>>> print(open('coords.pdb').read())   # PDB, N, CA and C atoms
ATOM      1  N   MET A 889     -17.325 -22.392   2.799
ATOM      2  CA  MET A 889     -17.203 -21.081   3.399
ATOM      3  C   MET A 889     -15.744 -20.805   3.745
ATOM      4  N   ALA A 890     -15.444 -19.529   3.918
ATOM      5  CA  ALA A 890     -14.089 -19.115   4.253
ATOM      6  C   ALA A 890     -14.162 -17.816   5.045
ATOM      7  N   TYR A 891     -13.035 -17.409   5.547
ATOM      8  CA  TYR A 891     -12.939 -16.104   6.180
ATOM      9  C   TYR A 891     -12.722 -15.063   5.086
ATOM     10  N   VAL A 892     -13.108 -13.817   5.390
ATOM     11  CA  VAL A 892     -13.056 -12.720   4.428
ATOM     12  C   VAL A 892     -12.414 -11.514   5.097
ATOM     13  N   VAL A 893     -11.537 -10.838   4.374
ATOM     14  CA  VAL A 893     -10.971  -9.576   4.841
ATOM     15  C   VAL A 893     -11.852  -8.462   4.289
ATOM     16  N   ALA A 894     -12.304  -7.566   5.169
ATOM     17  CA  ALA A 894     -13.224  -6.499   4.781
ATOM     18  C   ALA A 894     -12.540  -5.127   4.814
ATOM     19  N   GLN A 895     -13.318  -4.105   4.534
ATOM     20  CA  GLN A 895     -12.813  -2.745   4.351
ATOM     21  C   GLN A 895     -11.988  -2.172   5.507
ATOM     22  N   PRO A 896     -12.235  -2.514   6.775
ATOM     23  CA  PRO A 896     -11.399  -1.931   7.832
ATOM     24  C   PRO A 896      -9.901  -2.216   7.661
ATOM     25  N   CYS A 897      -9.551  -3.212   6.857
ATOM     26  CA  CYS A 897      -8.141  -3.539   6.620
ATOM     27  C   CYS A 897      -7.449  -2.510   5.711
ATOM     28  N   VAL A 898      -8.217  -1.832   4.889
ATOM     29  CA  VAL A 898      -7.631  -0.934   3.888
ATOM     30  C   VAL A 898      -6.747   0.114   4.561
ATOM     31  N   ASP A 899      -5.516   0.193   4.098
ATOM     32  CA  ASP A 899      -4.500   1.146   4.535
ATOM     33  C   ASP A 899      -3.997   0.932   5.969
ATOM     34  N   VAL A 900      -4.345  -0.178   6.591
ATOM     35  CA  VAL A 900      -3.830  -0.469   7.925
ATOM     36  C   VAL A 900      -2.411  -1.031   7.813
ATOM     37  N   LEU A 901      -2.194  -1.886   6.829
ATOM     38  CA  LEU A 901      -0.888  -2.458   6.532
ATOM     39  C   LEU A 901      -0.276  -3.259   7.689
ATOM     40  N   ASP A 902      -1.104  -3.759   8.587
ATOM     41  CA  ASP A 902      -0.654  -4.667   9.639
ATOM     42  C   ASP A 902      -0.759  -6.076   9.068
ATOM     43  N   ARG A 903       0.272  -6.862   9.192
ATOM     44  CA  ARG A 903       0.279  -8.197   8.586
ATOM     45  C   ARG A 903       0.255  -9.306   9.640
ATOM     46  N   SER A 904      -0.322  -9.015  10.804
ATOM     47  CA  SER A 904      -0.445 -10.032  11.851
ATOM     48  C   SER A 904      -1.203 -11.250  11.349
ATOM     49  N   CYS A 905      -2.232 -11.022  10.548
ATOM     50  CA  CYS A 905      -3.035 -12.127  10.032
ATOM     51  C   CYS A 905      -2.210 -13.028   9.112
ATOM     52  N   VAL A 906      -1.349 -12.426   8.311
ATOM     53  CA  VAL A 906      -0.491 -13.194   7.407
ATOM     54  C   VAL A 906       0.417 -14.105   8.215
ATOM     55  N   ASP A 907       0.998 -13.560   9.274
ATOM     56  CA  ASP A 907       1.895 -14.342  10.129
ATOM     57  C   ASP A 907       1.161 -15.440  10.891
ATOM     58  N   ALA A 908      -0.093 -15.194  11.272
ATOM     59  CA  ALA A 908      -0.856 -16.150  12.081
ATOM     60  C   ALA A 908      -1.465 -17.288  11.271
ATOM     61  N   CYS A 909      -1.613 -17.115   9.980
ATOM     62  CA  CYS A 909      -2.297 -18.112   9.145
ATOM     63  C   CYS A 909      -1.455 -19.387   9.003
ATOM     64  N   PRO A 910      -1.966 -20.522   9.494
ATOM     65  CA  PRO A 910      -1.179 -21.753   9.431
ATOM     66  C   PRO A 910      -1.086 -22.372   8.030
ATOM     67  N   VAL A 911      -1.952 -21.931   7.112
ATOM     68  CA  VAL A 911      -1.919 -22.494   5.752
ATOM     69  C   VAL A 911      -1.452 -21.482   4.714
ATOM     70  N   ASP A 912      -1.004 -20.293   5.163
ATOM     71  CA  ASP A 912      -0.405 -19.294   4.264
ATOM     72  C   ASP A 912      -1.363 -18.860   3.156
ATOM     73  N   CYS A 913      -2.659 -18.667   3.503
ATOM     74  CA  CYS A 913      -3.655 -18.322   2.477
ATOM     75  C   CYS A 913      -4.037 -16.853   2.463
ATOM     76  N   ILE A 914      -3.337 -16.017   3.235
ATOM     77  CA  ILE A 914      -3.627 -14.583   3.261
ATOM     78  C   ILE A 914      -2.524 -13.868   2.498
ATOM     79  N   TYR A 915      -2.929 -13.250   1.412
ATOM     80  CA  TYR A 915      -1.997 -12.624   0.474
ATOM     81  C   TYR A 915      -2.072 -11.107   0.605
ATOM     82  N   PRO A 916      -0.951 -10.459   0.873
ATOM     83  CA  PRO A 916      -0.975  -9.002   0.983
ATOM     84  C   PRO A 916      -1.072  -8.328  -0.383
ATOM     85  N   GLY A 917      -1.814  -7.240  -0.395
ATOM     86  CA  GLY A 917      -1.819  -6.328  -1.525
ATOM     87  C   GLY A 917      -1.129  -5.060  -1.062
ATOM     88  N   GLU A 918      -1.167  -4.020  -1.856
ATOM     89  CA  GLU A 918      -0.527  -2.775  -1.439
ATOM     90  C   GLU A 918      -1.329  -2.068  -0.351
ATOM     91  N   ARG A 919      -2.678  -2.173  -0.424
ATOM     92  CA  ARG A 919      -3.519  -1.444   0.519
ATOM     93  C   ARG A 919      -4.280  -2.324   1.505
ATOM     94  N   MET A 920      -4.410  -3.610   1.217
ATOM     95  CA  MET A 920      -5.072  -4.528   2.146
ATOM     96  C   MET A 920      -4.655  -5.959   1.846
ATOM     97  N   ALA A 921      -5.037  -6.866   2.724
ATOM     98  CA  ALA A 921      -4.758  -8.291   2.530
ATOM     99  C   ALA A 921      -6.013  -8.982   2.000
ATOM    100  N   TYR A 922      -5.821 -10.134   1.356
ATOM    101  CA  TYR A 922      -6.924 -10.896   0.765
ATOM    102  C   TYR A 922      -6.763 -12.363   1.136
ATOM    103  N   ILE A 923      -7.882 -13.019   1.440
ATOM    104  CA  ILE A 923      -7.862 -14.444   1.763
ATOM    105  C   ILE A 923      -8.286 -15.236   0.536
ATOM    106  N   GLN A 924      -7.457 -16.200   0.145
ATOM    107  CA  GLN A 924      -7.786 -17.092  -0.970
ATOM    108  C   GLN A 924      -8.819 -18.082  -0.432
ATOM    109  N   PRO A 925     -10.084 -17.980  -0.876
ATOM    110  CA  PRO A 925     -11.152 -18.775  -0.276
ATOM    111  C   PRO A 925     -10.997 -20.284  -0.432
ATOM    112  N   ASP A 926     -10.352 -20.737  -1.484
ATOM    113  CA  ASP A 926     -10.176 -22.179  -1.683
ATOM    114  C   ASP A 926      -9.049 -22.747  -0.817
ATOM    115  N   GLU A 927      -8.167 -21.901  -0.335
ATOM    116  CA  GLU A 927      -7.052 -22.346   0.504
ATOM    117  C   GLU A 927      -7.358 -22.215   2.001
ATOM    118  N   CYS A 928      -8.325 -21.386   2.346
ATOM    119  CA  CYS A 928      -8.683 -21.147   3.749
ATOM    120  C   CYS A 928      -9.286 -22.414   4.361
ATOM    121  N   VAL A 929      -8.819 -22.770   5.563
ATOM    122  CA  VAL A 929      -9.318 -23.957   6.258
ATOM    123  C   VAL A 929     -10.242 -23.583   7.427
ATOM    124  N   ASP A 930     -10.674 -22.348   7.482
ATOM    125  CA  ASP A 930     -11.646 -21.871   8.468
ATOM    126  C   ASP A 930     -11.192 -22.046   9.917
ATOM    127  N   CYS A 931      -9.918 -21.867  10.180
ATOM    128  CA  CYS A 931      -9.414 -22.062  11.545
ATOM    129  C   CYS A 931      -9.672 -20.846  12.439
ATOM    130  N   GLY A 932      -9.778 -19.653  11.846
ATOM    131  CA  GLY A 932     -10.037 -18.444  12.610
ATOM    132  C   GLY A 932      -8.821 -17.794  13.251
ATOM    133  N   ALA A 933      -7.637 -18.327  13.016
ATOM    134  CA  ALA A 933      -6.430 -17.747  13.620
ATOM    135  C   ALA A 933      -6.246 -16.285  13.206
ATOM    136  N   CYS A 934      -6.564 -15.970  11.983
ATOM    137  CA  CYS A 934      -6.410 -14.607  11.472
ATOM    138  C   CYS A 934      -7.365 -13.626  12.154
ATOM    139  N   GLU A 935      -8.579 -14.072  12.372
ATOM    140  CA  GLU A 935      -9.592 -13.220  12.991
ATOM    141  C   GLU A 935      -9.168 -12.782  14.389
ATOM    142  N   GLN A 936      -8.536 -13.685  15.113
ATOM    143  CA  GLN A 936      -8.135 -13.422  16.495
ATOM    144  C   GLN A 936      -7.045 -12.358  16.611
ATOM    145  N   VAL A 937      -6.188 -12.230  15.605
ATOM    146  CA  VAL A 937      -5.052 -11.306  15.706
ATOM    147  C   VAL A 937      -5.244  -9.988  14.950
ATOM    148  N   CYS A 938      -6.312  -9.859  14.206
ATOM    149  CA  CYS A 938      -6.534  -8.630  13.421
ATOM    150  C   CYS A 938      -6.758  -7.442  14.359
ATOM    151  N   PRO A 939      -5.897  -6.425  14.288
ATOM    152  CA  PRO A 939      -6.001  -5.302  15.223
ATOM    153  C   PRO A 939      -7.186  -4.367  14.961
ATOM    154  N   VAL A 940      -7.809  -4.478  13.779
ATOM    155  CA  VAL A 940      -8.925  -3.590  13.452
ATOM    156  C   VAL A 940     -10.235  -4.343  13.237
ATOM    157  N   GLY A 941     -10.269  -5.620  13.522
ATOM    158  CA  GLY A 941     -11.503  -6.397  13.374
ATOM    159  C   GLY A 941     -12.002  -6.442  11.946
ATOM    160  N   ALA A 942     -11.095  -6.619  10.995
ATOM    161  CA  ALA A 942     -11.451  -6.601   9.572
ATOM    162  C   ALA A 942     -11.743  -7.978   9.001
ATOM    163  N   ILE A 943     -11.531  -9.043   9.778
ATOM    164  CA  ILE A 943     -11.679 -10.394   9.252
ATOM    165  C   ILE A 943     -12.898 -11.059   9.887
ATOM    166  N   TYR A 944     -13.746 -11.610   9.019
ATOM    167  CA  TYR A 944     -14.992 -12.232   9.454
ATOM    168  C   TYR A 944     -15.169 -13.572   8.758
ATOM    169  N   TYR A 945     -15.838 -14.486   9.476
ATOM    170  CA  TYR A 945     -16.309 -15.689   8.810
ATOM    171  C   TYR A 945     -17.349 -15.216   7.809
ATOM    172  N   GLU A 946     -17.350 -15.767   6.619
ATOM    173  CA  GLU A 946     -18.192 -15.284   5.522
ATOM    174  C   GLU A 946     -19.651 -15.082   5.937
ATOM    175  N   GLU A 947     -20.215 -15.995   6.691
ATOM    176  CA  GLU A 947     -21.619 -15.884   7.102
ATOM    177  C   GLU A 947     -21.842 -14.764   8.118
ATOM    178  N   ASP A 948     -20.788 -14.320   8.793
ATOM    179  CA  ASP A 948     -20.900 -13.287   9.825
ATOM    180  C   ASP A 948     -20.512 -11.897   9.329
ATOM    181  N   LEU A 949     -20.184 -11.782   8.066
ATOM    182  CA  LEU A 949     -19.756 -10.501   7.495
ATOM    183  C   LEU A 949     -20.888  -9.481   7.594
ATOM    184  N   PRO A 950     -20.629  -8.305   8.168
ATOM    185  CA  PRO A 950     -21.671  -7.279   8.246
ATOM    186  C   PRO A 950     -22.189  -6.903   6.852
ATOM    187  N   GLU A 951     -23.447  -6.589   6.783
ATOM    188  CA  GLU A 951     -24.116  -6.279   5.511
ATOM    189  C   GLU A 951     -23.360  -5.208   4.715
ATOM    190  N   GLU A 952     -22.843  -4.201   5.393
ATOM    191  CA  GLU A 952     -22.161  -3.103   4.704
ATOM    192  C   GLU A 952     -20.894  -3.551   3.970
ATOM    193  N   TRP A 953     -20.359  -4.727   4.321
ATOM    194  CA  TRP A 953     -19.130  -5.218   3.700
ATOM    195  C   TRP A 953     -19.334  -6.528   2.937
ATOM    196  N   LYS A 954     -20.574  -6.876   2.626
ATOM    197  CA  LYS A 954     -20.860  -8.133   1.921
ATOM    198  C   LYS A 954     -20.106  -8.249   0.602
ATOM    199  N   ASP A 955     -19.846  -7.136  -0.076
ATOM    200  CA  ASP A 955     -19.119  -7.162  -1.354
ATOM    201  C   ASP A 955     -17.694  -7.696  -1.207
ATOM    202  N   TYR A 956     -17.161  -7.688  -0.005
ATOM    203  CA  TYR A 956     -15.782  -8.140   0.184
ATOM    204  C   TYR A 956     -15.613  -9.651   0.020
ATOM    205  N   THR A 957     -16.701 -10.408   0.100
ATOM    206  CA  THR A 957     -16.620 -11.837  -0.230
ATOM    207  C   THR A 957     -16.223 -11.981  -1.689
ATOM    208  N   ARG A 958     -16.891 -11.239  -2.548
ATOM    209  CA  ARG A 958     -16.587 -11.254  -3.985
ATOM    210  C   ARG A 958     -15.232 -10.624  -4.259
ATOM    211  N   ILE A 959     -14.925  -9.521  -3.595
ATOM    212  CA  ILE A 959     -13.651  -8.828  -3.810
ATOM    213  C   ILE A 959     -12.474  -9.755  -3.492
ATOM    214  N   ASN A 960     -12.535 -10.452  -2.349
ATOM    215  CA  ASN A 960     -11.457 -11.385  -2.002
ATOM    216  C   ASN A 960     -11.327 -12.468  -3.063
ATOM    217  N   ALA A 961     -12.447 -13.041  -3.504
ATOM    218  CA  ALA A 961     -12.416 -14.100  -4.528
ATOM    219  C   ALA A 961     -11.928 -13.567  -5.869
ATOM    220  N   ASP A 962     -12.370 -12.364  -6.250
ATOM    221  CA  ASP A 962     -11.993 -11.783  -7.549
ATOM    222  C   ASP A 962     -10.494 -11.575  -7.686
ATOM    223  N   VAL A 963      -9.828 -11.253  -6.595
ATOM    224  CA  VAL A 963      -8.387 -11.022  -6.630
ATOM    225  C   VAL A 963      -7.651 -12.264  -7.146
ATOM    226  N   PHE A 964      -8.238 -13.427  -6.899
ATOM    227  CA  PHE A 964      -7.596 -14.685  -7.290
ATOM    228  C   PHE A 964      -8.129 -15.256  -8.600
ATOM    229  N   ALA A 965      -8.975 -14.503  -9.296
ATOM    230  CA  ALA A 965      -9.569 -14.987 -10.543
ATOM    231  C   ALA A 965      -8.516 -15.368 -11.580
ATOM    232  N   GLU A 966      -7.447 -14.612 -11.679
ATOM    233  CA  GLU A 966      -6.408 -14.895 -12.669
ATOM    234  C   GLU A 966      -5.319 -15.823 -12.143
ATOM    235  N   VAL A 967      -4.980 -15.707 -10.847
ATOM    236  CA  VAL A 967      -3.884 -16.509 -10.313
ATOM    237  C   VAL A 967      -4.343 -17.841  -9.737
ATOM    238  N   GLY A 968      -5.642 -18.005  -9.529
ATOM    239  CA  GLY A 968      -6.173 -19.259  -9.014
ATOM    240  C   GLY A 968      -5.782 -19.491  -7.572
ATOM    241  N   SER A 969      -5.324 -20.690  -7.280
ATOM    242  CA  SER A 969      -4.904 -21.074  -5.945
ATOM    243  C   SER A 969      -3.388 -21.255  -5.967
ATOM    244  N   PRO A 970      -2.650 -20.172  -5.694
ATOM    245  CA  PRO A 970      -1.189 -20.212  -5.833
ATOM    246  C   PRO A 970      -0.465 -21.146  -4.877
ATOM    247  N   GLY A 971      -1.136 -21.561  -3.794
ATOM    248  CA  GLY A 971      -0.492 -22.494  -2.878
ATOM    249  C   GLY A 971       0.368 -21.861  -1.813
ATOM    250  N   GLY A 972       0.148 -20.606  -1.522
ATOM    251  CA  GLY A 972       0.863 -19.964  -0.428
ATOM    252  C   GLY A 972       1.362 -18.577  -0.753
ATOM    253  N   ALA A 973       1.071 -17.669   0.153
ATOM    254  CA  ALA A 973       1.469 -16.275  -0.039
ATOM    255  C   ALA A 973       2.975 -16.089   0.028
ATOM    256  N   SER A 974       3.651 -16.880   0.857
ATOM    257  CA  SER A 974       5.092 -16.687   1.000
ATOM    258  C   SER A 974       5.834 -16.971  -0.304
ATOM    259  N   ALA A 975       5.307 -17.859  -1.130
ATOM    260  CA  ALA A 975       5.948 -18.166  -2.405
ATOM    261  C   ALA A 975       5.576 -17.156  -3.490
ATOM    262  N   LEU A 976       4.365 -16.618  -3.412
ATOM    263  CA  LEU A 976       3.876 -15.716  -4.463
ATOM    264  C   LEU A 976       4.208 -14.256  -4.191
ATOM    265  N   GLY A 977       4.117 -13.840  -2.948
ATOM    266  CA  GLY A 977       4.333 -12.443  -2.606
ATOM    267  C   GLY A 977       3.060 -11.635  -2.724
ATOM    268  N   SER A 978       3.187 -10.349  -2.952
ATOM    269  CA  SER A 978       2.042  -9.447  -3.003
ATOM    270  C   SER A 978       1.243  -9.599  -4.285
ATOM    271  N   LEU A 979      -0.038  -9.286  -4.153
ATOM    272  CA  LEU A 979      -0.954  -9.278  -5.299
ATOM    273  C   LEU A 979      -1.385  -7.844  -5.575
ATOM    274  N   PRO A 980      -1.803  -7.560  -6.805
ATOM    275  CA  PRO A 980      -2.375  -6.234  -7.059
ATOM    276  C   PRO A 980      -3.709  -6.107  -6.332
ATOM    277  N   ASP A 981      -3.991  -4.926  -5.820
ATOM    278  CA  ASP A 981      -5.257  -4.701  -5.139
ATOM    279  C   ASP A 981      -6.421  -4.746  -6.117
ATOM    280  N   HIS A 982      -7.580  -5.121  -5.598
ATOM    281  CA  HIS A 982      -8.815  -5.133  -6.378
ATOM    282  C   HIS A 982      -9.154  -3.689  -6.761
ATOM    283  N   ALA A 983      -9.760  -3.503  -7.915
ATOM    284  CA  ALA A 983     -10.114  -2.158  -8.397
ATOM    285  C   ALA A 983     -10.993  -1.410  -7.394
ATOM    286  N   SER A 984     -11.864  -2.105  -6.701
ATOM    287  CA  SER A 984     -12.725  -1.460  -5.695
ATOM    288  C   SER A 984     -11.911  -0.891  -4.547
ATOM    289  N   VAL A 985     -10.826  -1.538  -4.205
ATOM    290  CA  VAL A 985      -9.955  -1.075  -3.119
ATOM    291  C   VAL A 985      -9.083   0.072  -3.619
ATOM    292  N   VAL A 986      -8.560  -0.057  -4.821
ATOM    293  CA  VAL A 986      -7.726   1.000  -5.404
ATOM    294  C   VAL A 986      -8.505   2.308  -5.465
ATOM    295  N   GLY A 987      -9.801   2.233  -5.738
ATOM    296  CA  GLY A 987     -10.636   3.419  -5.880
ATOM    297  C   GLY A 987     -11.043   4.078  -4.575
ATOM    298  N   LEU A 988     -10.775   3.449  -3.450
ATOM    299  CA  LEU A 988     -11.131   4.042  -2.165
ATOM    300  C   LEU A 988     -10.179   5.193  -1.822
ATOM    301  N   PRO A 989     -10.683   6.222  -1.161
ATOM    302  CA  PRO A 989      -9.789   7.303  -0.736
ATOM    303  C   PRO A 989      -8.778   6.775   0.272
ATOM    304  N   LEU A 990      -7.570   7.326   0.253
ATOM    305  CA  LEU A 990      -6.537   6.928   1.211
ATOM    306  C   LEU A 990      -6.952   7.358   2.610
ATOM    307  N   LYS A 991      -6.669   6.507   3.590
ATOM    308  CA  LYS A 991      -6.911   6.897   4.975
ATOM    309  C   LYS A 991      -5.848   7.903   5.362
ATOM    310  N   GLU A 992      -6.241   8.902   6.105
ATOM    311  CA  GLU A 992      -5.333   9.987   6.463
ATOM    312  C   GLU A 992      -4.159   9.541   7.310
ATOM    313  N   ASP A 993      -4.363   8.517   8.132
ATOM    314  CA  ASP A 993      -3.286   8.096   9.028
ATOM    315  C   ASP A 993      -2.387   7.039   8.403
ATOM    316  N   ARG A 994      -2.476   6.863   7.105
ATOM    317  CA  ARG A 994      -1.658   5.857   6.419
ATOM    318  C   ARG A 994      -0.215   6.211   6.452
TER
END
>>> encode(input="coords.pdb", output="structure tokens")
Amino acid sequence: MAYVVAQPCVDVLDRSCVDACPVDCIYPGERMAYIQPDECVDCGACEQVCPVGAIYYEEDLPEEWKDYTRINADVFAEVGSPGGASALGSLPDHASVVGLPLKEDR
């Protein structure tokens, strides 16, 4: 199991979770951040600092955002386990996220 970033993160662009992650497994995209599930050590540091409550332990993810478990994993389908966001930088957003309407306060 791992933590998952869900839809409330879209267009927030706050990177507190990236800074708080002790294993550097949260990778920013243009519209949201993604957790590499194989690199996550389930510490919960990211969940505590998320200003919009977008990060959940996979088993606690609300039903309406269950697809975000797959979305987070899919983002890493081509790059695998890069070994740290600071070395890789930003990733392209998942197609499901790209297709969402922009939040007005972005």
>>> residues_around(input="coords.pdb", residues="Pro896 of chain A", least_positions_apart="3", cutoff="12 Å", atoms="only C-alpha atoms", output="PyMOL selection string")
chain A and resi 892-893+899-902+919-921+938-944+949-950+952-953+956+985+988+991
>>> write_last_selection(input="coords.pdb", atoms="N, CA and C atoms", output="CSV table (one decimal), in the coordinates of the input")
chain,number,residue,atom,x,y,z
A,892,VAL,N,-13.1,-13.8,5.4
A,892,VAL,CA,-13.1,-12.7,4.4
A,892,VAL,C,-12.4,-11.5,5.1
A,893,VAL,N,-11.5,-10.8,4.4
A,893,VAL,CA,-11.0,-9.6,4.8
A,893,VAL,C,-11.9,-8.5,4.3
A,899,ASP,N,-5.5,0.2,4.1
A,899,ASP,CA,-4.5,1.1,4.5
A,899,ASP,C,-4.0,0.9,6.0
A,900,VAL,N,-4.3,-0.2,6.6
A,900,VAL,CA,-3.8,-0.5,7.9
A,900,VAL,C,-2.4,-1.0,7.8
A,901,LEU,N,-2.2,-1.9,6.8
A,901,LEU,CA,-0.9,-2.5,6.5
A,901,LEU,C,-0.3,-3.3,7.7
A,902,ASP,N,-1.1,-3.8,8.6
A,902,ASP,CA,-0.7,-4.7,9.6
A,902,ASP,C,-0.8,-6.1,9.1
A,919,ARG,N,-2.7,-2.2,-0.4
A,919,ARG,CA,-3.5,-1.4,0.5
A,919,ARG,C,-4.3,-2.3,1.5
A,920,MET,N,-4.4,-3.6,1.2
A,920,MET,CA,-5.1,-4.5,2.1
A,920,MET,C,-4.7,-6.0,1.8
A,921,ALA,N,-5.0,-6.9,2.7
A,921,ALA,CA,-4.8,-8.3,2.5
A,921,ALA,C,-6.0,-9.0,2.0
A,938,CYS,N,-6.3,-9.9,14.2
A,938,CYS,CA,-6.5,-8.6,13.4
A,938,CYS,C,-6.8,-7.4,14.4
A,939,PRO,N,-5.9,-6.4,14.3
A,939,PRO,CA,-6.0,-5.3,15.2
A,939,PRO,C,-7.2,-4.4,15.0
A,940,VAL,N,-7.8,-4.5,13.8
A,940,VAL,CA,-8.9,-3.6,13.5
A,940,VAL,C,-10.2,-4.3,13.2
A,941,GLY,N,-10.3,-5.6,13.5
A,941,GLY,CA,-11.5,-6.4,13.4
A,941,GLY,C,-12.0,-6.4,11.9
A,942,ALA,N,-11.1,-6.6,11.0
A,942,ALA,CA,-11.5,-6.6,9.6
A,942,ALA,C,-11.7,-8.0,9.0
A,943,ILE,N,-11.5,-9.0,9.8
A,943,ILE,CA,-11.7,-10.4,9.3
A,943,ILE,C,-12.9,-11.1,9.9
A,944,TYR,N,-13.7,-11.6,9.0
A,944,TYR,CA,-15.0,-12.2,9.5
A,944,TYR,C,-15.2,-13.6,8.8
A,949,LEU,N,-20.2,-11.8,8.1
A,949,LEU,CA,-19.8,-10.5,7.5
A,949,LEU,C,-20.9,-9.5,7.6
A,950,PRO,N,-20.6,-8.3,8.2
A,950,PRO,CA,-21.7,-7.3,8.2
A,950,PRO,C,-22.2,-6.9,6.9
A,952,GLU,N,-22.8,-4.2,5.4
A,952,GLU,CA,-22.2,-3.1,4.7
A,952,GLU,C,-20.9,-3.6,4.0
A,953,TRP,N,-20.4,-4.7,4.3
A,953,TRP,CA,-19.1,-5.2,3.7
A,953,TRP,C,-19.3,-6.5,2.9
A,956,TYR,N,-17.2,-7.7,0.0
A,956,TYR,CA,-15.8,-8.1,0.2
A,956,TYR,C,-15.6,-9.7,0.0
A,985,VAL,N,-10.8,-1.5,-4.2
A,985,VAL,CA,-10.0,-1.1,-3.1
A,985,VAL,C,-9.1,0.1,-3.6
A,988,LEU,N,-10.8,3.4,-3.4
A,988,LEU,CA,-11.1,4.0,-2.2
A,988,LEU,C,-10.2,5.2,-1.8
A,991,LYS,N,-6.7,6.5,3.6
A,991,LYS,CA,-6.9,6.9,5.0
A,991,LYS,C,-5.8,7.9,5.4
>>> closest_residue(input="coords.pdb", among="A:Glu951, A:Asp962, A:Glu927, A:Glu935", to="His982 of chain A", atoms="all atoms listed in the file")
A:Asp962
>>> select_by_dssp(input="coords.pdb", residues="segment 909-962 of chain A", states="helix (DSSP H, G or I)", output="PyMOL selection string")
chain A and resi 933-937+946-948+951-953+955-962
>>> resolve_selection(input="coords.pdb", expression="the PyMOL selection byres ((chain A and resi 903-913) around 6)", output="list in words")
Leu901, Asp902, Ile914, Tyr915, Tyr922, Ile923, Gln924, Glu927, Cys928, Ala933, Cys934, Val937, Cys938, Gly972, Ala973 and Ser974 of chain A
>>> atom_distance(input="coords.pdb", atom1="atom C of Glu992 of chain A", atom2="atom C of Val898 of chain A")
10.2 Å
>>> atom_distance(input="coords.pdb", atom1="atom N of Arg958 of chain A", atom2="atom C of Leu990 of chain A")
21.7 Å
>>> residues_around(input="coords.pdb", residues="Leu979 of chain A", least_positions_apart="3", cutoff="6.5 Å", atoms="all atoms listed in the file", output="list in words")
Tyr915, Pro916, Gly917 and Glu918 of chain A
>>> atom_distance(input="coords.pdb", atom1="atom N of Pro925 of chain A", atom2="atom CA of Glu966 of chain A")
12.7 Å
>>> closest_residue(input="coords.pdb", among="A:Asp926, A:Gln936, A:Glu946, A:Ala894", to="Ser969 of chain A", atoms="all atoms listed in the file")
A:Asp926
>>> select_by_dssp(input="coords.pdb", residues="chain A", states="strand (DSSP E)", output="VMD selection string")
chain A and resid 891 to 893 914 to 916 921 to 923 943 to 945
>>> closest_residue(input="coords.pdb", among="A:Val929, A:Val986, A:Asp981, A:Glu947", to="Ala961 of chain A", atoms="only C-alpha atoms")
A:Asp981
>>> build_atoms(input="coords.pdb", residues="segment 969-978 of chain A", atoms="N, CA, C and O atoms", output="PDB file, in the coordinates of the input")
ATOM      1  N   SER A 969      -5.324 -20.690  -7.280  1.00  0.00           N
ATOM      2  CA  SER A 969      -4.904 -21.074  -5.945  1.00  0.00           C
ATOM      3  C   SER A 969      -3.388 -21.255  -5.967  1.00  0.00           C
ATOM      4  O   SER A 969      -2.890 -22.348  -6.241  1.00  0.00           O
ATOM      5  N   PRO A 970      -2.650 -20.172  -5.694  1.00  0.00           N
ATOM      6  CA  PRO A 970      -1.189 -20.212  -5.833  1.00  0.00           C
ATOM      7  C   PRO A 970      -0.465 -21.146  -4.877  1.00  0.00           C
ATOM      8  O   PRO A 970       0.701 -21.454  -5.081  1.00  0.00           O
ATOM      9  N   GLY A 971      -1.136 -21.561  -3.794  1.00  0.00           N
ATOM     10  CA  GLY A 971      -0.492 -22.494  -2.878  1.00  0.00           C
ATOM     11  C   GLY A 971       0.368 -21.861  -1.813  1.00  0.00           C
ATOM     12  O   GLY A 971       1.237 -22.505  -1.262  1.00  0.00           O
ATOM     13  N   GLY A 972       0.148 -20.606  -1.522  1.00  0.00           N
ATOM     14  CA  GLY A 972       0.863 -19.964  -0.428  1.00  0.00           C
ATOM     15  C   GLY A 972       1.362 -18.577  -0.753  1.00  0.00           C
ATOM     16  O   GLY A 972       1.972 -18.355  -1.792  1.00  0.00           O
ATOM     17  N   ALA A 973       1.071 -17.669   0.153  1.00  0.00           N
ATOM     18  CA  ALA A 973       1.469 -16.275  -0.039  1.00  0.00           C
ATOM     19  C   ALA A 973       2.975 -16.089   0.028  1.00  0.00           C
ATOM     20  O   ALA A 973       3.528 -15.243  -0.672  1.00  0.00           O
ATOM     21  N   SER A 974       3.651 -16.880   0.857  1.00  0.00           N
ATOM     22  CA  SER A 974       5.092 -16.687   1.000  1.00  0.00           C
ATOM     23  C   SER A 974       5.834 -16.971  -0.304  1.00  0.00           C
ATOM     24  O   SER A 974       6.855 -16.366  -0.583  1.00  0.00           O
ATOM     25  N   ALA A 975       5.307 -17.859  -1.130  1.00  0.00           N
ATOM     26  CA  ALA A 975       5.948 -18.166  -2.405  1.00  0.00           C
ATOM     27  C   ALA A 975       5.576 -17.156  -3.490  1.00  0.00           C
ATOM     28  O   ALA A 975       6.384 -16.850  -4.355  1.00  0.00           O
ATOM     29  N   LEU A 976       4.365 -16.618  -3.412  1.00  0.00           N
ATOM     30  CA  LEU A 976       3.876 -15.716  -4.463  1.00  0.00           C
ATOM     31  C   LEU A 976       4.208 -14.256  -4.191  1.00  0.00           C
ATOM     32  O   LEU A 976       4.515 -13.501  -5.091  1.00  0.00           O
ATOM     33  N   GLY A 977       4.117 -13.840  -2.948  1.00  0.00           N
ATOM     34  CA  GLY A 977       4.333 -12.443  -2.606  1.00  0.00           C
ATOM     35  C   GLY A 977       3.060 -11.635  -2.724  1.00  0.00           C
ATOM     36  O   GLY A 977       1.965 -12.180  -2.647  1.00  0.00           O
ATOM     37  N   SER A 978       3.187 -10.349  -2.952  1.00  0.00           N
ATOM     38  CA  SER A 978       2.042  -9.447  -3.003  1.00  0.00           C
ATOM     39  C   SER A 978       1.243  -9.599  -4.285  1.00  0.00           C
ATOM     40  O   SER A 978       1.781  -9.953  -5.333  1.00  0.00           O
TER      41      SER A 978
END
